[in-house]
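J.: Compact mmCIF, C-alpha atoms, saved as my_file.txt, coming up:
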```
# COMPACT_ATOMS: atom_id res chain seq x y z
CA MET A 1 3.64 -36.08 -4.26
CA GLY A 2 5.18 -33.70 -1.72
CA VAL A 3 3.27 -31.29 0.48
CA PHE A 4 4.73 -28.29 -1.37
CA THR A 5 3.54 -29.67 -4.73
CA VAL A 6 0.04 -30.23 -3.38
CA LEU A 7 -0.08 -26.69 -1.98
CA LEU A 8 1.22 -25.26 -5.26
CA LEU A 9 -1.37 -27.11 -7.31
CA SER A 10 -4.10 -25.98 -4.90
CA ALA A 11 -3.01 -22.36 -5.29
CA VAL A 12 -3.03 -22.62 -9.09
CA ILE A 13 -6.48 -24.22 -9.11
CA ALA A 14 -7.82 -21.55 -6.74
CA THR A 15 -6.41 -18.78 -8.91
CA VAL A 16 -7.88 -20.19 -12.11
CA SER A 17 -11.25 -20.70 -10.40
CA CYS A 18 -11.25 -17.14 -9.11
CA ARG A 19 -10.58 -15.66 -12.54
CA SER A 20 -13.09 -17.79 -14.41
CA ASN A 21 -15.81 -17.11 -11.84
CA GLY A 22 -15.01 -13.48 -11.07
CA PRO A 23 -12.27 -10.83 -11.01
CA PRO A 24 -9.06 -11.74 -9.14
CA SER A 25 -8.71 -10.33 -5.63
CA ASP A 26 -5.69 -8.26 -6.62
CA ALA A 27 -7.94 -6.26 -8.97
CA CYS A 28 -9.71 -4.71 -5.97
CA THR A 29 -7.36 -1.74 -5.98
CA SER A 30 -5.96 -1.63 -9.52
CA LEU A 31 -9.24 -2.55 -11.29
CA THR A 32 -7.01 -4.26 -13.85
CA PRO A 33 -7.55 -7.82 -15.19
CA GLY A 34 -5.07 -10.30 -13.77
CA HIS A 35 -4.25 -12.15 -16.98
CA PRO A 36 -2.00 -11.25 -19.95
CA GLY A 37 -3.42 -9.40 -22.91
CA SER A 38 -3.61 -6.01 -24.55
CA SER A 39 -5.38 -2.93 -23.27
CA GLY A 40 -7.46 -1.30 -25.98
CA THR A 41 -8.35 2.34 -26.55
CA ASN A 42 -11.74 3.91 -27.27
CA PRO A 43 -13.72 1.19 -25.49
CA PRO A 44 -17.08 0.27 -27.08
CA PHE A 45 -18.65 0.11 -23.60
CA GLU A 46 -20.10 2.54 -21.10
CA VAL A 47 -21.16 2.79 -17.47
CA THR A 48 -24.40 4.66 -16.89
CA ILE A 49 -26.25 5.56 -13.70
CA SER A 50 -29.78 6.61 -12.80
CA PRO A 51 -30.32 8.94 -11.09
CA ALA A 52 -27.09 10.96 -11.09
CA THR A 53 -27.49 12.38 -7.58
CA TYR A 54 -27.59 10.67 -4.19
CA GLY A 55 -28.19 11.17 -0.50
CA PRO A 56 -27.60 8.90 2.51
CA GLY A 57 -29.08 5.43 1.90
CA ASP A 58 -30.30 6.22 -1.63
CA THR A 59 -30.27 3.52 -4.34
CA ILE A 60 -28.80 3.98 -7.81
CA THR A 61 -29.26 1.74 -10.85
CA VAL A 62 -25.88 1.04 -12.45
CA THR A 63 -25.72 -0.31 -15.99
CA PHE A 64 -22.69 -1.62 -17.86
CA ALA A 65 -23.39 -2.07 -21.57
CA ALA A 66 -21.85 -2.35 -24.99
CA THR A 67 -22.36 0.70 -27.17
CA GLY A 68 -22.32 -1.28 -30.41
CA ALA A 69 -22.60 -4.80 -31.78
CA THR A 70 -20.07 -6.37 -29.43
CA ASN A 71 -19.97 -8.49 -26.30
CA PHE A 72 -17.93 -8.58 -23.14
CA ARG A 73 -16.84 -11.42 -20.89
CA GLY A 74 -15.85 -9.88 -17.58
CA ILE A 75 -16.21 -6.64 -15.63
CA ILE A 76 -15.25 -5.10 -12.31
CA VAL A 77 -17.03 -1.95 -11.10
CA GLN A 78 -16.65 0.20 -7.99
CA ALA A 79 -18.02 3.52 -6.76
CA ARG A 80 -15.12 5.71 -5.67
CA SER A 81 -14.60 9.26 -4.53
CA LYS A 82 -13.67 11.79 -7.19
CA SER A 83 -10.82 12.80 -4.89
CA GLY A 84 -8.75 9.90 -6.20
CA SER A 85 -9.26 7.40 -3.38
CA THR A 86 -9.04 3.71 -4.31
CA ILE A 87 -11.40 2.65 -1.50
CA PRO A 88 -14.82 1.51 -2.78
CA VAL A 89 -17.87 3.33 -1.44
CA GLY A 90 -21.36 1.93 -0.80
CA THR A 91 -22.71 -1.55 -1.53
CA PHE A 92 -24.06 -3.40 -4.56
CA SER A 93 -27.07 -5.72 -4.68
CA SER A 94 -29.43 -7.39 -7.18
CA PRO A 95 -26.77 -8.16 -9.80
CA SER A 96 -28.11 -9.34 -13.15
CA THR A 97 -27.49 -12.83 -14.52
CA GLY A 98 -23.82 -13.60 -15.04
CA THR A 99 -22.63 -11.05 -12.50
CA GLN A 100 -22.19 -10.97 -8.73
CA THR A 101 -21.35 -8.74 -5.79
CA LEU A 102 -17.84 -9.06 -4.37
CA MET A 103 -15.92 -8.13 -1.26
CA CYS A 104 -13.14 -5.58 -1.67
CA THR A 105 -12.41 -4.04 1.74
CA THR A 106 -16.06 -4.60 2.76
CA ASP A 107 -18.84 -7.00 1.72
CA ASP A 108 -20.64 -6.22 -1.55
CA SER A 109 -18.50 -3.13 -2.18
CA THR A 110 -17.65 -4.31 -5.71
CA TRP A 111 -19.63 -5.63 -8.68
CA GLY A 112 -18.12 -8.07 -11.16
CA HIS A 113 -18.71 -10.96 -13.53
CA ALA A 114 -19.61 -14.44 -12.31
CA ASP A 115 -18.76 -16.37 -15.51
CA ARG A 116 -17.02 -15.93 -18.86
CA ASN A 117 -20.16 -16.07 -20.98
CA ASP A 118 -20.74 -13.35 -23.55
CA LYS A 119 -22.81 -10.43 -22.29
CA THR A 120 -24.08 -7.25 -23.91
CA MET A 121 -25.47 -5.57 -20.79
CA ALA A 122 -25.47 -6.01 -17.03
CA THR A 123 -27.19 -4.12 -14.22
CA ALA A 124 -26.95 -3.85 -10.45
CA THR A 125 -28.33 -1.68 -7.67
CA TRP A 126 -25.93 0.45 -5.65
CA THR A 127 -26.84 1.71 -2.19
CA ALA A 128 -25.19 4.82 -0.80
CA PRO A 129 -23.75 4.86 2.72
CA MET A 130 -25.40 6.94 5.41
CA SER A 131 -22.51 9.39 5.35
CA ASN A 132 -21.64 12.24 3.00
CA GLU A 133 -19.00 10.84 0.65
CA GLY A 134 -18.92 13.88 -1.60
CA ASP A 135 -19.08 13.52 -5.37
CA LEU A 136 -18.47 10.00 -6.67
CA ALA A 137 -18.13 8.13 -9.96
CA PHE A 138 -18.34 4.48 -10.95
CA TYR A 139 -14.99 3.20 -12.22
CA ALA A 140 -14.79 0.02 -14.29
CA SER A 141 -12.63 -2.31 -16.33
CA VAL A 142 -13.90 -4.84 -18.85
CA VAL A 143 -12.56 -7.92 -20.61
CA GLN A 144 -13.95 -8.05 -24.12
CA GLU A 145 -12.15 -11.16 -25.33
CA TYR A 146 -10.48 -13.78 -23.17
CA SER A 147 -7.75 -16.18 -24.21
CA SER A 148 -5.57 -18.29 -21.95
CA GLY A 149 -2.83 -17.91 -24.56
CA GLY A 150 -2.32 -14.23 -23.76
CA SER A 151 -4.33 -12.59 -26.55
CA SER A 152 -7.07 -11.25 -24.30
CA VAL A 153 -8.46 -7.78 -25.04
CA PHE A 154 -9.50 -5.58 -22.15
CA TYR A 155 -10.19 -1.93 -21.36
CA THR A 156 -9.45 -0.06 -18.14
CA GLY A 157 -10.29 3.39 -16.86
CA LEU A 158 -13.97 3.44 -17.83
CA MET A 159 -15.93 5.92 -15.73
CA SER A 160 -19.56 6.94 -15.38
CA GLU A 161 -20.79 10.49 -15.20
CA ASP A 162 -20.37 12.10 -11.79
CA LEU A 163 -22.68 10.95 -9.02
CA VAL A 164 -23.29 14.22 -7.17
CA TYR A 165 -24.12 14.35 -3.48
CA ASP A 166 -27.31 16.31 -2.80
CA GLY A 167 -28.20 15.05 0.67
CA PRO A 168 -28.34 16.99 3.93
CA THR A 169 -25.37 19.24 4.54
CA ASP A 170 -25.11 18.09 8.16
CA ALA A 171 -24.54 14.42 7.25
CA PRO A 172 -21.21 13.15 8.61
CA MET A 173 -18.33 13.47 6.16
CA THR A 174 -16.06 10.44 6.04
CA THR A 175 -12.41 10.20 5.13
CA ASP A 176 -10.12 7.37 4.08
CA ASN A 177 -7.25 8.94 6.01
CA SER A 178 -7.57 6.65 9.03
CA GLY A 179 -4.34 7.91 10.56
CA SER A 180 -5.64 11.48 10.67
CA VAL A 181 -8.95 10.29 12.12
CA ARG A 182 -7.21 8.37 14.90
CA ALA A 183 -4.95 11.34 15.65
CA SER A 184 -7.93 13.69 15.85
CA LEU A 185 -9.78 11.33 18.20
CA LEU A 186 -6.71 11.03 20.41
CA ILE A 187 -6.31 14.81 20.60
CA THR A 188 -10.00 15.20 21.47
CA MET A 189 -9.80 12.58 24.21
CA VAL A 190 -6.66 14.13 25.72
CA THR A 191 -8.26 17.58 25.64
CA LEU A 192 -11.42 16.36 27.39
CA PHE A 193 -9.38 14.47 29.98
CA THR A 194 -7.27 17.56 30.68
CA ILE A 195 -10.37 19.73 31.09
CA ALA A 196 -11.85 17.19 33.50
CA ILE A 197 -8.68 17.09 35.63
CA ILE A 198 -8.40 20.87 35.75
CA GLY A 199 -12.06 21.14 36.68
CA ARG A 200 -11.53 18.99 39.79
CA PHE A 201 -8.99 21.49 41.17
CA LEU A 202 -11.01 24.66 40.50
```
Produce structure tokens that represent the structure in this file.
T.:
Amino acid sequence: MGVFTVLLLSAVIATVSCRSNGPPSDACTSLTPGHPGSSGTNPPFEVTISPATYGPGDTITVTFAATGATNFRGIIVQARSKSGSTIPVGTFSSPSTGTQTLMCTTDDSTWGHADRNDKTMATATWTAPMSNEGDLAFYASVVQEYSSGGSSVFYTGLMSEDLVYDGPTDAPMTTDNSGSVRASLLITMVTLFTIAIIGRFL
């Protein structure tokens, strides 16, 4: 068996393992299941939060549950800014049985399934960052039925009610526009350096 064949088989095994034991890594941004199937409408599931407001370092209980007599196999959930950013905010902990915290961009920034067993409800604790992230919501996708033959049924675009920021108004406001942040820092540093040089000649 050639080296390429061994590497190919290893990649296939790793991919299958990842999907059976949690969402695929490429779902971090799209929040879309990585296997073939059909996306349903009017999902019989919901994402709820308690409380619905947060401040720096606050904890929120997040619940993913069926709204009727049905089960689900897999989920992926992230807190994101209502501004449309795809970068997850905050960290998850204390996932219920059959679920786990995952790394997407940063450790524990995502919550997802850990097996393909049927579930009717799952819970986790979300901790807010120490910065003001503005109003957020929890975005989710769910696999209701899984089939390796391509007849899986899943739902995307689920969203909780808004998680409204009510912390101190002087908390630092973050941004996902890293280029703008770097440019602003550079301008500030150049300005301070210029002032210092001018001051030496006055």
J.: Could you jot down the atom CA of A:Thr91 to atom CA of A:Ser109 separation for me, Å, one decimal place?
T.: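 These atoms are spaced 4.5 Å apart.
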J.: Let me have the centre and edge lengths in Å, one decimal, of the box along x, y and z around every listed atom of stretch 109-112 of chain A with 8 Å of margin on each side, as lines of an AutoDock Vina configuration file.
T.:
```
center_x = -18.6
center_y = -5.6
center_z = -6.7
size_x = 18.0
size_y = 20.9
size_z = 25.0
```
J.: How far is it from atom CA of A:Ser160 to atom CA of A:Pro95, in Å with one decimal?
T.: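 Rounded to one decimal, the two atoms are 17.6 Å apart.
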J.: If you count only C-alpha atoms, which residues fall within 7 Å of stretch 114-125 of chain A, apart from same-chain ones fewer than 6 positions away, as JSON, numbers by chain?
T.: {"A": [20, 21, 22, 59, 60, 61, 62, 63, 64, 65, 66, 70, 71, 72, 73, 74, 92, 93, 94, 95, 96, 98, 99, 100]}
J.: Dump as a ChimeraX atom specification all residues having an atom at most 8 Å from (-13.2, 7.1, -17.2), computed in the file's coordinates with only C-alpha atoms.
T.: /A:139-140,157-160
J.: Between atom CA of A:Ile87 and atom CA of A:Asp135, what is the spacing in Å?
T.: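 Spanning atom CA of A:Asp135 to atom CA of A:Ile87 is a straight-line distance of 13.9 Å.
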J.: Pick the closest to A:Thr29 from A:Ala69, A:Val143, A:Val77, A:Ala52: which is it, counting all atoms listed in the file?
T.: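 Between A:Ala69, A:Val143, A:Val77, A:Ala52, the residue approaching A:Thr29 most closely is A:Val77.
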J.: Go through A:Cys28, A:Ser141, A:Ser83, A:His113 and flag the residue nearest A:Thr97, using all atoms listed in the file for the distances.
T.: A:His113
J.: Excluding same-chain residues fewer than 3 positions from A:Lys82, what lies within 10 Å of it counting only C-alpha atoms, as a ChimeraX atom specification?
T.: /A:79,85-86,133-138,162-164
J.: Pick the closest to A:Gly57 from A:Ser131, A:Thr101, A:Trp111, A:Asp170: which is it, counting only C-alpha atoms?
T.: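 Nearest candidate to A:Gly57 out of A:Ser131, A:Thr101, A:Trp111, A:Asp170: A:Ser131.
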J.: I want to know what sits within 9 Å of A:Thr67, based on all atoms listed in the file, with residues of the same chain fewer than 4 positions away left out; could you give that as a list in words?
T.: Pro43, Pro44, Phe45, Glu46 and Thr120 of chain A
J.: Identify which of the residues A:Met130, A:Leu31, A:Val47, A:Met103 lies closest to A:Ala171, counting only C-alpha atoms when measuring atom-to-atom distances.
T.: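 Counting only C-alpha atoms, the residue closest to A:Ala171 is A:Met130.
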J.: For the point (-9.8, -5.0, -19.4) in file coordinates, what residues are within 9 Å, counting all atoms listed in the file? Give the answer as a PyMOL selection string?
T.: chain A and resi 31-33+37-40+74-76+140-145+152-157
J.: For a quick check of understanding, using only C-alpha atoms, which of A:Pro168, A:Thr127, A:Asp107, A:Arg80 has the smallest distance to A:Pro51?
T.: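 Once distances to A:Pro51 are computed over only C-alpha atoms, the minimum belongs to A:Thr127.
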J.: When you look at A:Ala128 with a cut-off of 6 Å (counting only C-alpha atoms), what residues show up, excluding the ones that are within fewer than 3 positions of it in the same chain? I need them as a ChimeraX atom specification.
T.: /A:56-58,90
